[in-house]
Structure formats: structure tokens, C-alpha cells
file data_18.csv (CSV, C-alpha atoms)
chain,number,residue,atom,x,y,z
I,1,LEU,CA,-2.3,-9.5,-34.4
I,2,ASN,CA,1.4,-8.8,-34.1
I,3,GLY,CA,3.5,-5.8,-34.9
I,4,GLY,CA,5.8,-7.8,-37.2
I,5,GLY,CA,3.1,-8.0,-39.9
I,6,ARG,CA,3.2,-11.8,-40.0
I,7,GLY,CA,0.1,-14.0,-40.2
I,8,LEU,CA,-2.7,-13.7,-37.7
I,9,GLU,CA,-2.3,-17.4,-37.0
I,10,ASP,CA,-0.2,-20.1,-38.4
I,11,GLY,CA,-1.2,-20.6,-42.0
I,12,GLY,CA,-3.3,-17.4,-42.1
I,13,MET,CA,-3.3,-15.3,-45.2
I,14,GLU,CA,-4.0,-11.9,-43.7
I,15,THR,CA,-1.3,-9.8,-42.2
I,16,ALA,CA,-1.7,-7.2,-39.5
I,17,GLY,CA,-1.5,-4.5,-42.2
I,18,ASP,CA,-4.3,-6.2,-44.1
I,19,VAL,CA,-6.5,-6.1,-41.0
I,20,LEU,CA,-5.7,-2.5,-40.3
I,21,THR,CA,-6.6,-1.6,-43.9
I,22,ALA,CA,-9.8,-3.5,-43.7
I,23,LEU,CA,-10.8,-1.7,-40.5
I,24,ALA,CA,-10.1,1.6,-42.1
I,25,ARG,CA,-12.3,0.8,-45.1
I,26,ARG,CA,-15.1,-0.2,-42.7
I,27,TYR,CA,-14.7,3.2,-41.0
I,28,ALA,CA,-13.9,1.4,-37.7
I,29,PHE,CA,-11.7,4.3,-36.6
I,30,GLY,CA,-12.0,3.6,-32.8
I,31,ASP,CA,-11.0,0.0,-33.2
I,32,LEU,CA,-8.2,0.9,-35.5
I,33,GLU,CA,-6.8,3.6,-33.2
I,34,ALA,CA,-6.9,1.1,-30.3
I,35,LEU,CA,-4.8,-1.4,-32.2
I,36,ILE,CA,-2.4,1.3,-33.3
I,37,THR,CA,-1.8,2.7,-29.8
I,38,GLN,CA,-1.2,-0.9,-28.6
I,39,GLY,CA,1.7,-1.2,-30.9
I,40,THR,CA,0.3,-3.1,-33.8
I,41,LEU,CA,2.0,-0.8,-36.2
I,42,ALA,CA,5.7,-0.4,-35.9
I,43,ALA,CA,6.8,2.9,-34.3
I,44,ASP,CA,8.3,4.3,-37.5
I,45,GLY,CA,6.5,7.6,-37.7
I,46,ARG,CA,3.3,6.3,-39.1
I,47,SER,CA,1.7,5.4,-35.7
I,48,SER,CA,1.1,9.0,-34.7
I,49,ALA,CA,-0.2,10.0,-38.1
I,50,VAL,CA,-2.7,7.1,-38.3
I,51,ALA,CA,-3.8,7.5,-34.7
I,52,ALA,CA,-4.6,11.2,-35.2
I,53,LEU,CA,-6.5,10.4,-38.4
I,54,CYS,CA,-8.5,7.7,-36.5
I,55,ALA,CA,-9.3,10.0,-33.6
I,56,PHE,CA,-10.4,12.7,-36.0
I,57,GLY,CA,-12.5,10.3,-38.1
I,58,GLN,CA,-14.2,8.8,-35.1
I,59,ARG,CA,-15.1,12.3,-33.8
I,60,VAL,CA,-16.7,13.2,-37.1
I,61,LEU,CA,-18.5,9.9,-37.4
I,62,ASP,CA,-19.9,10.4,-34.0
I,63,LEU,CA,-21.1,13.9,-35.0
I,64,ASP,CA,-19.3,15.5,-32.1
I,65,ALA,CA,-19.9,18.9,-33.7
I,66,GLU,CA,-18.8,21.0,-30.8
I,67,ASP,CA,-15.3,19.7,-31.2
I,68,PHE,CA,-15.0,19.5,-35.0
I,69,GLY,CA,-11.8,20.9,-36.2
I,70,MET,CA,-10.0,20.8,-32.8
I,71,PRO,CA,-6.5,19.3,-32.5
I,72,GLU,CA,-6.2,15.7,-31.5
I,73,THR,CA,-4.1,14.8,-28.5
I,74,VAL,CA,-2.7,11.6,-30.2
I,75,GLY,CA,-1.2,13.5,-33.1
I,76,GLU,CA,-1.5,16.2,-35.8
I,77,VAL,CA,-4.4,16.1,-38.2
I,78,PRO,CA,-3.9,17.5,-41.7
I,79,ARG,CA,-5.1,21.1,-41.9
I,80,ASP,CA,-7.3,20.6,-44.9
I,81,LEU,CA,-9.3,17.9,-43.1
I,82,LEU,CA,-9.7,20.1,-40.0
I,83,ASP,CA,-10.9,23.0,-42.1
I,84,ARG,CA,-13.5,20.9,-43.8
I,85,ALA,CA,-14.8,19.7,-40.4
I,86,ARG,CA,-14.9,23.2,-39.0
I,87,ALA,CA,-17.6,24.1,-41.7
I,88,SER,CA,-20.0,21.9,-39.6
I,89,ARG,CA,-18.7,23.0,-36.2
I,90,MET,CA,-21.0,24.7,-33.6
I,91,PRO,CA,-19.1,27.7,-32.3
I,92,GLN,CA,-18.5,27.4,-28.6
I,93,THR,CA,-18.4,31.1,-27.9
I,94,ALA,CA,-20.6,33.9,-29.1
I,95,ARG,CA,-17.8,35.6,-30.9
I,96,GLU,CA,-15.9,32.6,-32.3
I,97,ARG,CA,-14.9,32.8,-36.0
I,98,PRO,CA,-15.6,31.2,-38.4
I,99,ARG,CA,-19.3,30.7,-37.6
I,100,GLY,CA,-19.4,27.1,-38.9
I,101,ALA,CA,-22.9,25.6,-38.7
I,102,LEU,CA,-24.4,29.0,-37.7
I,103,ALA,CA,-23.2,30.5,-41.0
I,104,SER,CA,-24.6,27.6,-43.1
I,105,LEU,CA,-26.1,24.2,-42.3
I,106,ARG,CA,-25.4,22.9,-45.8
I,107,PRO,CA,-22.0,21.4,-45.0
I,108,ALA,CA,-23.4,19.8,-41.9
I,109,TYR,CA,-26.2,18.1,-43.9
I,110,SER,CA,-23.8,16.9,-46.6
I,111,LEU,CA,-21.8,15.4,-43.7
I,112,LEU,CA,-25.0,13.9,-42.2
I,113,LEU,CA,-25.8,12.2,-45.5
I,114,GLU,CA,-22.3,10.7,-45.6
I,115,VAL,CA,-22.6,9.5,-42.0
I,116,VAL,CA,-26.0,7.9,-42.7
I,117,ALA,CA,-24.6,6.0,-45.6
I,118,ILE,CA,-21.6,4.8,-43.6
I,119,ARG,CA,-23.8,3.7,-40.7
I,120,TRP,CA,-25.9,1.8,-43.2
I,121,HIS,CA,-22.8,0.2,-44.6
I,122,ARG,CA,-21.7,-0.8,-41.1
I,123,ARG,CA,-25.3,-2.0,-40.3
I,124,ASP,CA,-25.3,0.3,-37.3
I,125,MET,CA,-29.0,1.1,-37.3
I,126,ALA,CA,-29.1,2.8,-33.8
I,127,ALA,CA,-26.6,5.4,-34.9
I,128,LEU,CA,-28.3,5.8,-38.3
I,129,VAL,CA,-31.6,6.5,-36.6
I,130,ALA,CA,-29.8,9.0,-34.3
I,131,ALA,CA,-28.3,10.8,-37.3
I,132,VAL,CA,-31.7,11.0,-39.0
I,133,HIS,CA,-33.2,12.4,-35.9
I,134,ILE,CA,-30.6,15.1,-35.6
I,135,ALA,CA,-31.2,16.0,-39.3
I,136,SER,CA,-34.9,16.3,-38.6
I,137,GLU,CA,-34.5,18.7,-35.7
I,138,TYR,CA,-32.7,21.3,-37.7
I,139,LEU,CA,-34.4,20.9,-41.1
I,140,PRO,CA,-36.6,24.0,-40.5
I,141,MET,CA,-33.5,26.1,-40.0
I,142,LEU,CA,-32.0,24.6,-43.2
I,143,ALA,CA,-35.2,25.8,-45.0
I,144,TRP,CA,-34.9,29.3,-43.5
I,145,GLU,CA,-31.2,29.7,-44.4
I,146,PRO,CA,-31.8,31.3,-47.8
I,147,VAL,CA,-34.2,33.8,-46.3
I,148,LEU,CA,-32.2,34.7,-43.2
I,149,GLY,CA,-28.8,34.7,-45.0
I,150,HIS,CA,-27.4,32.5,-42.2
I,151,ALA,CA,-28.4,29.4,-40.2
I,152,GLY,CA,-30.1,31.0,-37.3
I,153,ASP,CA,-27.0,32.7,-35.9
I,154,PRO,CA,-28.2,34.4,-32.7
I,155,ALA,CA,-25.8,37.3,-33.3
I,156,LEU,CA,-27.7,38.1,-36.5
I,157,ILE,CA,-31.2,36.7,-36.3
I,158,GLY,CA,-32.8,39.7,-34.5
I,159,ALA,CA,-32.9,41.8,-37.7
I,160,SER,CA,-35.1,39.2,-39.4
I,161,VAL,CA,-37.5,38.3,-36.6
I,162,SER,CA,-37.8,41.3,-34.3
I,163,GLY,CA,-39.5,44.7,-34.6
I,164,GLU,CA,-43.0,46.1,-34.5
I,165,GLY,CA,-45.7,43.5,-35.0
I,166,SER,CA,-43.5,40.5,-34.3
I,167,ARG,CA,-44.5,38.0,-31.7
I,168,PHE,CA,-41.2,36.1,-32.0
I,169,GLY,CA,-39.9,35.6,-28.4
I,170,VAL,CA,-42.5,37.9,-26.9
I,171,PRO,CA,-44.0,36.7,-23.6
I,172,VAL,CA,-47.7,36.0,-23.6
I,173,GLU,CA,-49.4,38.4,-21.2
I,174,PRO,CA,-51.5,36.6,-18.5
I,175,GLY,CA,-55.2,36.6,-19.5
I,176,SER,CA,-54.6,37.8,-23.0
I,177,ALA,CA,-55.7,35.9,-26.1
I,178,ARG,CA,-53.1,33.5,-27.5
I,179,MET,CA,-52.1,34.8,-30.9
I,180,CYS,CA,-48.9,32.8,-31.4
I,181,ASP,CA,-48.8,29.0,-32.0
I,182,HIS,CA,-45.4,28.6,-30.4
I,183,THR,CA,-45.2,26.3,-27.5
I,184,ARG,CA,-43.9,27.5,-24.2
I,185,PRO,CA,-40.4,25.9,-24.7
I,186,GLU,CA,-40.3,27.5,-28.2
I,187,ARG,CA,-41.2,30.9,-26.9
I,188,SER,CA,-38.6,30.6,-24.2
I,189,ALA,CA,-35.9,29.6,-26.8
I,190,CYS,CA,-36.9,32.4,-29.2
I,191,GLU,CA,-36.6,35.0,-26.4
I,192,ARG,CA,-33.2,33.5,-25.4
I,193,THR,CA,-31.8,33.5,-29.0
I,194,LEU,CA,-32.3,37.3,-29.2
I,195,ARG,CA,-30.0,38.0,-26.3
I,196,VAL,CA,-27.7,35.0,-25.9
I,197,ALA,CA,-25.0,36.5,-28.1
I,198,LYS,CA,-24.2,38.8,-25.3
I,199,GLU,CA,-23.8,36.0,-22.7
I,200,PRO,CA,-20.5,34.4,-21.7
I,201,GLY,CA,-19.4,31.0,-22.9
I,202,PRO,CA,-21.3,28.7,-20.5
I,203,GLY,CA,-24.6,30.4,-21.2
I,204,TRP,CA,-24.0,30.3,-24.9
I,205,ARG,CA,-23.1,26.6,-24.9
I,206,ALA,CA,-26.1,25.8,-22.7
I,207,TYR,CA,-28.4,27.6,-25.2
I,208,LEU,CA,-26.9,25.6,-28.1
I,209,ASP,CA,-27.3,22.3,-26.2
I,210,ARG,CA,-30.9,22.9,-25.0
I,211,GLN,CA,-32.6,25.5,-27.0
I,212,HIS,CA,-31.2,26.1,-30.5
I,213,SER,CA,-33.2,23.2,-32.0
I,214,GLN,CA,-36.3,24.7,-30.4
I,215,VAL,CA,-35.7,27.9,-32.3
I,216,ALA,CA,-35.5,25.8,-35.5
I,217,SER,CA,-38.8,24.2,-34.6
I,218,ALA,CA,-40.4,27.6,-33.9
I,219,LEU,CA,-39.2,29.0,-37.2
I,220,GLY,CA,-40.7,26.0,-38.9
I,221,ASP,CA,-44.0,26.6,-37.2
I,222,CYS,CA,-43.9,30.3,-38.3
I,223,ALA,CA,-43.7,29.3,-41.9
I,224,ALA,CA,-45.7,26.0,-42.1
I,225,ARG,CA,-48.3,26.0,-39.3
I,226,CYS,CA,-49.0,29.4,-37.9
I,227,ARG,CA,-52.7,30.3,-38.0
I,228,THR,CA,-52.2,34.0,-37.2
I,229,PRO,CA,-48.9,35.1,-38.9
I,230,CYS,CA,-47.0,38.1,-37.5
I,231,THR,CA,-44.4,40.2,-39.2
I,232,VAL,CA,-41.9,37.4,-39.0
I,233,MET,CA,-43.7,36.1,-42.1
I,234,ASP,CA,-45.7,39.2,-43.3
I,235,ARG,CA,-42.5,41.1,-44.0
I,236,LEU,CA,-41.5,38.6,-46.7
I,237,ASP,CA,-42.3,39.1,-50.4
I,238,GLY,CA,-45.1,36.8,-51.6
I,239,PRO,CA,-43.0,34.4,-53.7
I,240,VAL,CA,-40.3,34.1,-51.0
I,241,ARG,CA,-42.9,33.5,-48.4
I,242,ALA,CA,-44.7,30.8,-50.5
I,243,ASP,CA,-41.5,29.0,-51.3
I,244,LEU,CA,-40.4,29.1,-47.7
I,245,THR,CA,-43.8,27.7,-46.5
I,246,ASP,CA,-43.6,24.9,-49.0
I,247,ARG,CA,-40.1,23.9,-47.9
I,248,CYS,CA,-41.0,24.1,-44.2
I,249,ARG,CA,-44.1,22.0,-44.7
I,250,LEU,CA,-42.0,19.3,-46.3
I,251,ALA,CA,-39.5,19.5,-43.4
I,252,ALA,CA,-42.4,19.1,-41.0
I,253,ASP,CA,-43.8,16.1,-43.0
I,254,PHE,CA,-40.4,14.4,-42.8
I,255,THR,CA,-40.1,15.0,-39.1
I,256,ASP,CA,-43.6,13.5,-38.6
I,257,GLY,CA,-42.8,10.5,-40.8
I,258,ALA,CA,-42.1,6.9,-40.2
I,259,LEU,CA,-38.3,7.0,-40.5
I,260,VAL,CA,-37.9,9.6,-37.7
I,261,LYS,CA,-40.4,7.9,-35.5
I,262,LEU,CA,-38.1,4.9,-35.4
I,263,ARG,CA,-36.1,6.7,-32.7
I,264,HIS,CA,-38.8,5.8,-30.2
I,265,ALA,CA,-37.9,2.1,-30.7
I,266,ALA,CA,-34.1,2.6,-30.3
I,267,PRO,CA,-31.8,3.4,-27.4
I,268,VAL,CA,-31.7,7.0,-28.5
I,269,GLY,CA,-35.4,7.2,-27.8
I,270,HIS,CA,-37.6,5.7,-25.1
I,271,GLY,CA,-37.1,1.9,-25.6
I,272,PHE,CA,-34.4,-0.7,-25.7
I,273,GLY,CA,-34.9,-2.2,-29.2
I,274,VAL,CA,-32.8,-1.4,-32.2
I,275,PRO,CA,-34.5,-1.4,-35.7
I,276,SER,CA,-33.1,-3.9,-38.2
I,277,PRO,CA,-32.0,-2.8,-41.7
I,278,GLU,CA,-35.2,-4.2,-43.0
I,279,GLU,CA,-37.3,-2.2,-40.6
I,280,VAL,CA,-35.4,1.0,-41.6
I,281,GLN,CA,-36.0,0.3,-45.2
I,282,THR,CA,-39.7,-0.4,-44.5
I,283,ALA,CA,-40.0,2.8,-42.5
I,284,TRP,CA,-38.3,4.9,-45.3
I,285,THR,CA,-40.6,3.3,-47.9
I,286,ARG,CA,-43.6,4.4,-45.9
I,287,ALA,CA,-42.2,7.8,-45.3
I,288,ARG,CA,-41.5,8.3,-49.0
I,289,LYS,CA,-45.0,7.4,-49.9
I,290,SER,CA,-46.3,9.9,-47.4
I,291,LEU,CA,-43.9,12.6,-48.4
I,292,SER,CA,-44.8,12.1,-52.1
I,293,ARG,CA,-48.3,13.5,-51.3
I,294,ASN,CA,-46.7,16.8,-50.8
I,295,PRO,CA,-46.2,18.4,-54.2
I,296,LEU,CA,-42.6,19.5,-53.4
I,297,GLY,CA,-41.9,16.1,-51.9
I,298,HIS,CA,-43.3,14.3,-55.0
I,299,LYS,CA,-41.0,16.3,-57.2
I,300,ALA,CA,-38.0,15.7,-55.1
I,301,LEU,CA,-38.6,12.0,-54.8
I,302,ALA,CA,-39.5,11.4,-58.4
I,303,GLY,CA,-36.1,9.9,-59.2
I,304,ALA,CA,-35.7,7.9,-56.0
I,305,SER,CA,-36.1,4.6,-57.7
I,306,GLY,CA,-32.8,5.2,-59.6
I,307,ASP,CA,-30.9,6.5,-56.6
I,308,HIS,CA,-28.1,4.3,-55.3
I,309,TYR,CA,-28.0,6.0,-51.9
I,310,PRO,CA,-28.9,3.6,-49.1
I,311,LEU,CA,-32.1,5.5,-48.3
I,312,PRO,CA,-33.1,6.4,-51.9
I,313,GLY,CA,-34.2,10.0,-52.4
I,314,LEU,CA,-33.0,11.3,-49.0
I,315,PRO,CA,-30.3,13.6,-50.6
I,316,ALA,CA,-32.9,15.0,-53.0
I,317,LEU,CA,-35.4,15.5,-50.2
I,318,PHE,CA,-32.8,17.5,-48.1
I,319,SER,CA,-31.9,19.5,-51.3
I,320,ALA,CA,-35.5,20.4,-51.9
I,321,ILE,CA,-35.9,21.6,-48.3
I,322,ALA,CA,-32.6,23.5,-48.4
I,323,GLY,CA,-33.4,25.1,-51.8
I,324,ALA,CA,-29.9,24.0,-52.8
I,325,ASP,CA,-28.1,20.9,-54.2
I,326,LEU,CA,-26.9,18.8,-51.3
I,327,ARG,CA,-24.9,15.7,-51.9
I,328,PRO,CA,-23.2,13.3,-49.4
I,329,ASP,CA,-19.8,14.6,-48.3
I,330,THR,CA,-16.6,12.7,-48.8
I,331,LEU,CA,-14.8,13.8,-45.7
I,332,LEU,CA,-14.8,10.4,-44.0
I,333,ARG,CA,-14.0,8.6,-47.2
I,334,ASP,CA,-11.0,10.9,-47.6
I,335,VAL,CA,-9.9,10.2,-44.0
I,336,THR,CA,-10.0,6.5,-44.8
I,337,GLU,CA,-7.9,7.0,-48.0
I,338,ARG,CA,-5.3,9.0,-46.0
I,339,ILE,CA,-5.1,6.2,-43.5
I,340,THR,CA,-4.8,3.4,-46.1
I,341,ALA,CA,-2.2,5.4,-48.0
I,342,THR,CA,-0.2,5.9,-44.8
I,343,LEU,CA,-0.4,2.2,-43.9
I,344,ALA,CA,0.8,1.3,-47.3
call {"tool": "encode", "arguments": {"input": "data_18.csv", "output": "C-alpha cells"}}
result
Amino acid sequence: LNGGGRGLEDGGMETAGDVLTALARRYAFGDLEALITQGTLAADGRSSAVAALCAFGQRVLDLDAEDFGMPETVGEVPRDLLDRARASRMPQTARERPRGALASLRPAYSLLLEVVAIRWHRRDMAALVAAVHIASEYLPMLAWEPVLGHAGDPALIGASVSGEGSRFGVPVEPGSARMCDHTRPERSACERTLRVAKEPGPGWRAYLDRQHSQVASALGDCAARCRTPCTVMDRLDGPVRADLTDRCRLAADFTDGALVKLRHAAPVGHGFGVPSPEEVQTAWTRARKSLSRNPLGHKALAGASGDHYPLPGLPALFSAIAGADLRPDTLLRDVTERITATLA
């Protein structure tokens, strides 16, 4: 490559600009930023703008949610893109506003759907499996969102899960009969979520890193698996409770399915292998077959054969669990379009 925009080699048809555009369209934001900062693009005012968009795009593609919407050191990112990313941001203090993914997980799941499709397009199966695993961890919280009115915000959740007759976050007395199906880590996380909103930043961030997904799992168990329900569930109206249970059971079936289990064969799990695209397709086919045994899953996946999404039926499945229409976001595609327009 050379900054003058001439051929890559004698007789080559591609210019540096062509290669930069091709990298942008492949969502290769990190590689593109490296070339820009090395002077591949003439320093005419475009370098800073493109580098900032690349840094922002890579952060979003990496699902670095704690830093979504933060300024980039290499340049200024357009405000509208930052605001869209902030909808999926995890607040880094208990009082941070807006609440981002604690207010609603729906923008985050739309973004996850876009990221999964891009990772498939790039044949980056390890990152795809990691994104699917992240989605599986918080699916119960996505299911509970219409009932709670938020996505498990610790500052608000107490009103829905505390009170007389609730066993949510209540320690088990030594020697007493076990009435709650929560595991010890889940009970610890539930107890913490009821008080962490009063803790300083380090404690708050440690909770988000280590225990918030456990709260999601615990809520899923309350709705889908509890054998002795307490007032966390008993306080709900019959139709609301039945609908929540159906959606949480579908979330649990997805988490227990073949696609999520691929993480154990990838670097994000316990092995050193990376699944091939064919293995991912096979696992999703198996998962769909299993999920279709669930009445709600069967209904959600009925149109999967005509779905052009790389994992057909996944958007419809997430929508069924959310109780809302979720479609892949276009944030990263829009970043690419801004980059290519600036390069042009």
C-alpha cells in the first residue's frame, strides 16, 4: 500500500483506496485503523474521521459494552452513532444516566444479532460462538423485562422481588429445609443485587462483571424451574405468570441447546478447537429441532426455512423470548457506510 493511491504493485488494478473500502465493507475496523494511522490515507482531514469511526466500530464489534458511547482518543465519533451505542451500554456507576442495558436489553439483543451476522460473514466462528454465549446468559432477563419494567436494574428490582414471602436473595438458615432452587452463587448474586446500588463504583462494576448474569439465571429459574414458588412468582397475575414461564422455559432450552454448547469446543470455553461454519450450522439445526418441541419455540421457528439470516430463525426466537419484535441492528453497517463515504 502507498499513500499516493497508486497500484499495490506494478500492473495492479486496486488502489489503496479500493483496499481501504474493501476492508470497511468486511468490517475489518482494526486493520483499517492500523493502515490509516500508518499514513495510508493522505492527511487531509479524513484520517482522523476514519480512524475514529474504525475505533468505534471495532469496540462495538467486540461487544465492549462497558465503554460503548465513550469518546475515542483517535478522533471524534458522530454523536448519533455514540447515542445508539449507549442504548446497549452497561452503566459504570450506580447513578449513571441513561441506564442503557439496565433500562432495556432489547437494543443490546438487536446489536448481538447484527454482530452474529457479521461474524458469520467474516467466518469468525470463535467470536460468533462467544456472542451467542453472551446472548444465552442474559436471555432470562430479556424475558423478565416486560414484567419488571426494566432489565434487572439493581436500583429498581427490589420492588418486584422483595417483601414478605419472598426467598429472593434470602440466606438459607443452617439446618433448615431448602425451599429455594437457586444455587449458592445465584443466592449470593440475588442478595448482592438488592444492595449494590448503594455501593461505590468499584463494587458496582465488580457486581456487573461477576454476578449480574447470575441474577438473570436466578430469575429464569424462578419462572421456569422452581418447584416451590415464592412471592416472586405468586404476586403475578395468572396470564402474566404463564406467559413469563413459557418465555423463560424457551430461554432455558436455548441455553441448554447444541449451539450454545459449542463454546466448550472453542477458545472461549475449555478447549482449543474452533468450530467450522459447517459445525455451527449443524449445531443450530439440531438446536432448532429441539427448540421446536417447545410450543412457543415451534411457533417462533415456523418460518425459519424462509429466513435469510445466517442462523435462520434466531431473530424470531429472541423476539419470542422478549415478547417484542427484535431485528438485527444496522449500527455497524451504518459505521461502514460513513467510512466508505468519507473515503470517497
call {"tool": "closest_residue", "arguments": {"input": "data_18.csv", "among": "I:Pro315, I:Ala251, I:Val129, I:Thr193", "to": "Val170 in chain I", "atoms": "only C-alpha atoms"}}
result
I:Thr193
call {"tool": "residues_around", "arguments": {"input": "data_18.csv", "residues": "range 317-325 of chain I", "least_positions_apart": "4", "cutoff": "12 Å", "atoms": "all atoms listed in the file", "output": "PyMOL selection string"}}
result
chain I and resi 104-110+112-113+132+135-136+138-147+151+220+240+243-255+287-288+291-292+294-304+307+311-313+329
call {"tool": "residues_around", "arguments": {"input": "data_18.csv", "residues": "range 53-55 of chain I", "least_positions_apart": "3", "cutoff": "8 Å", "atoms": "all atoms listed in the file", "output": "list in words"}}
result
Phe29, Gly30, Leu32, Glu33, Ala49, Val50, Gln58, Arg59, Glu72, Val74, Val77, Val335, Arg338 and Ile339 of chain I
call {"tool": "atom_distance", "arguments": {"input": "data_18.csv", "atom1": "CA of Asp237 in chain I", "atom2": "CA of Phe168 in chain I"}}
result
18.7 Å
call {"tool": "atom_distance", "arguments": {"input": "data_18.csv", "atom1": "CA of Arg178 in chain I", "atom2": "CA of Thr231 in chain I"}}
result
16.0 Å
call {"tool": "residues_around", "arguments": {"input": "data_18.csv", "residues": "Ser160 in chain I", "least_positions_apart": "4", "cutoff": "9 Å", "atoms": "all atoms listed in the file", "output": "PyMOL selection string"}}
result
chain I and resi 147-148+156+232+235
call {"tool": "atom_distance", "arguments": {"input": "data_18.csv", "atom1": "CA of Leu111 in chain I", "atom2": "CA of Pro78 in chain I"}}
result
18.1 Å
call {"tool": "closest_residue", "arguments": {"input": "data_18.csv", "among": "I:Thr73, I:Pro229, I:Ala28, I:Asp334", "to": "Ser48 in chain I", "atoms": "only C-alpha atoms"}}
result
I:Thr73
call {"tool": "closest_residue", "arguments": {"input": "data_18.csv", "among": "I:Lys198, I:Arg99, I:Arg123, I:Arg167", "to": "Asp153 in chain I", "atoms": "all atoms listed in the file"}}
result
I:Arg99
call {"tool": "closest_residue", "arguments": {"input": "data_18.csv", "among": "I:Gly75, I:Gly158, I:Pro174, I:Gly69", "to": "Arg46 in chain I", "atoms": "all atoms listed in the file"}}
result
I:Gly75
call {"tool": "closest_residue", "arguments": {"input": "data_18.csv", "among": "I:His150, I:Arg95, I:His133, I:Arg86", "to": "Lys261 in chain I", "atoms": "all atoms listed in the file"}}
result
I:His133
call {"tool": "residues_around", "arguments": {"input": "data_18.csv", "residues": "range 202-204 of chain I", "least_positions_apart": "3", "cutoff": "7 Å", "atoms": "all atoms listed in the file", "output": "list in words"}}
result
Thr93, Ala94, Val196, Glu199, Tyr207 and Leu208 of chain I
call {"tool": "write_last_selection", "arguments": {"input": "data_18.csv", "atoms": "C-alpha atoms", "output": "PDB file, in the coordinates of the input"}}
result
ATOM      1  CA  THR I  93     -18.400  31.100 -27.900  1.00  0.00           C
ATOM      2  CA  ALA I  94     -20.600  33.900 -29.100  1.00  0.00           C
ATOM      3  CA  VAL I 196     -27.700  35.000 -25.900  1.00  0.00           C
ATOM      4  CA  GLU I 199     -23.800  36.000 -22.700  1.00  0.00           C
ATOM      5  CA  TYR I 207     -28.400  27.600 -25.200  1.00  0.00           C
ATOM      6  CA  LEU I 208     -26.900  25.600 -28.100  1.00  0.00           C
TER       7      LEU I 208
END
call {"tool": "closest_residue", "arguments": {"input": "data_18.csv", "among": "I:Gly57, I:Asp181, I:Gln92, I:Glu186", "to": "Ala223 in chain I", "atoms": "all atoms listed in the file"}}
result
I:Asp181
call {"tool": "decode", "arguments": {"input": "data_18.csv", "residues": "range 108-122 of chain I", "atoms": "N, CA and C atoms", "output": "PDB file, in the first residue's frame"}}
result
ATOM      1  N   ALA I 108     -29.565  -4.122  22.942  1.00  0.00           N
ATOM      2  CA  ALA I 108     -28.383  -4.973  23.002  1.00  0.00           C
ATOM      3  C   ALA I 108     -28.586  -6.261  22.212  1.00  0.00           C
ATOM      4  N   TYR I 109     -29.784  -6.830  22.263  1.00  0.00           N
ATOM      5  CA  TYR I 109     -30.022  -8.062  21.512  1.00  0.00           C
ATOM      6  C   TYR I 109     -30.128  -7.796  20.013  1.00  0.00           C
ATOM      7  N   SER I 110     -30.640  -6.652  19.633  1.00  0.00           N
ATOM      8  CA  SER I 110     -30.618  -6.297  18.211  1.00  0.00           C
ATOM      9  C   SER I 110     -29.178  -6.154  17.727  1.00  0.00           C
ATOM     10  N   LEU I 111     -28.339  -5.553  18.578  1.00  0.00           N
ATOM     11  CA  LEU I 111     -26.922  -5.419  18.228  1.00  0.00           C
ATOM     12  C   LEU I 111     -26.244  -6.786  18.192  1.00  0.00           C
ATOM     13  N   LEU I 112     -26.548  -7.658  19.145  1.00  0.00           N
ATOM     14  CA  LEU I 112     -25.985  -9.001  19.131  1.00  0.00           C
ATOM     15  C   LEU I 112     -26.343  -9.741  17.845  1.00  0.00           C
ATOM     16  N   LEU I 113     -27.570  -9.562  17.388  1.00  0.00           N
ATOM     17  CA  LEU I 113     -27.978 -10.206  16.136  1.00  0.00           C
ATOM     18  C   LEU I 113     -27.168  -9.677  14.962  1.00  0.00           C
ATOM     19  N   GLU I 114     -26.896  -8.374  14.945  1.00  0.00           N
ATOM     20  CA  GLU I 114     -26.066  -7.828  13.875  1.00  0.00           C
ATOM     21  C   GLU I 114     -24.639  -8.356  13.967  1.00  0.00           C
ATOM     22  N   VAL I 115     -24.100  -8.424  15.178  1.00  0.00           N
ATOM     23  CA  VAL I 115     -22.730  -8.910  15.366  1.00  0.00           C
ATOM     24  C   VAL I 115     -22.606 -10.367  14.951  1.00  0.00           C
ATOM     25  N   VAL I 116     -23.577 -11.195  15.318  1.00  0.00           N
ATOM     26  CA  VAL I 116     -23.542 -12.608  14.922  1.00  0.00           C
ATOM     27  C   VAL I 116     -23.519 -12.731  13.405  1.00  0.00           C
ATOM     28  N   ALA I 117     -24.347 -11.937  12.709  1.00  0.00           N
ATOM     29  CA  ALA I 117     -24.384 -11.990  11.247  1.00  0.00           C
ATOM     30  C   ALA I 117     -23.045 -11.556  10.647  1.00  0.00           C
ATOM     31  N   ILE I 118     -22.430 -10.527  11.223  1.00  0.00           N
ATOM     32  CA  ILE I 118     -21.136 -10.059  10.716  1.00  0.00           C
ATOM     33  C   ILE I 118     -20.057 -11.098  10.970  1.00  0.00           C
ATOM     34  N   ARG I 119     -20.042 -11.692  12.136  1.00  0.00           N
ATOM     35  CA  ARG I 119     -19.046 -12.724  12.416  1.00  0.00           C
ATOM     36  C   ARG I 119     -19.202 -13.904  11.467  1.00  0.00           C
ATOM     37  N   TRP I 120     -20.446 -14.216  11.120  1.00  0.00           N
ATOM     38  CA  TRP I 120     -20.668 -15.273  10.128  1.00  0.00           C
ATOM     39  C   TRP I 120     -20.111 -14.843   8.770  1.00  0.00           C
ATOM     40  N   HIS I 121     -20.386 -13.637   8.369  1.00  0.00           N
ATOM     41  CA  HIS I 121     -19.896 -13.107   7.099  1.00  0.00           C
ATOM     42  C   HIS I 121     -18.368 -13.147   7.045  1.00  0.00           C
ATOM     43  N   ARG I 122     -17.717 -12.887   8.170  1.00  0.00           N
ATOM     44  CA  ARG I 122     -16.257 -12.890   8.241  1.00  0.00           C
ATOM     45  C   ARG I 122     -15.691 -14.285   8.524  1.00  0.00           C
TER      46      ARG I 122
END
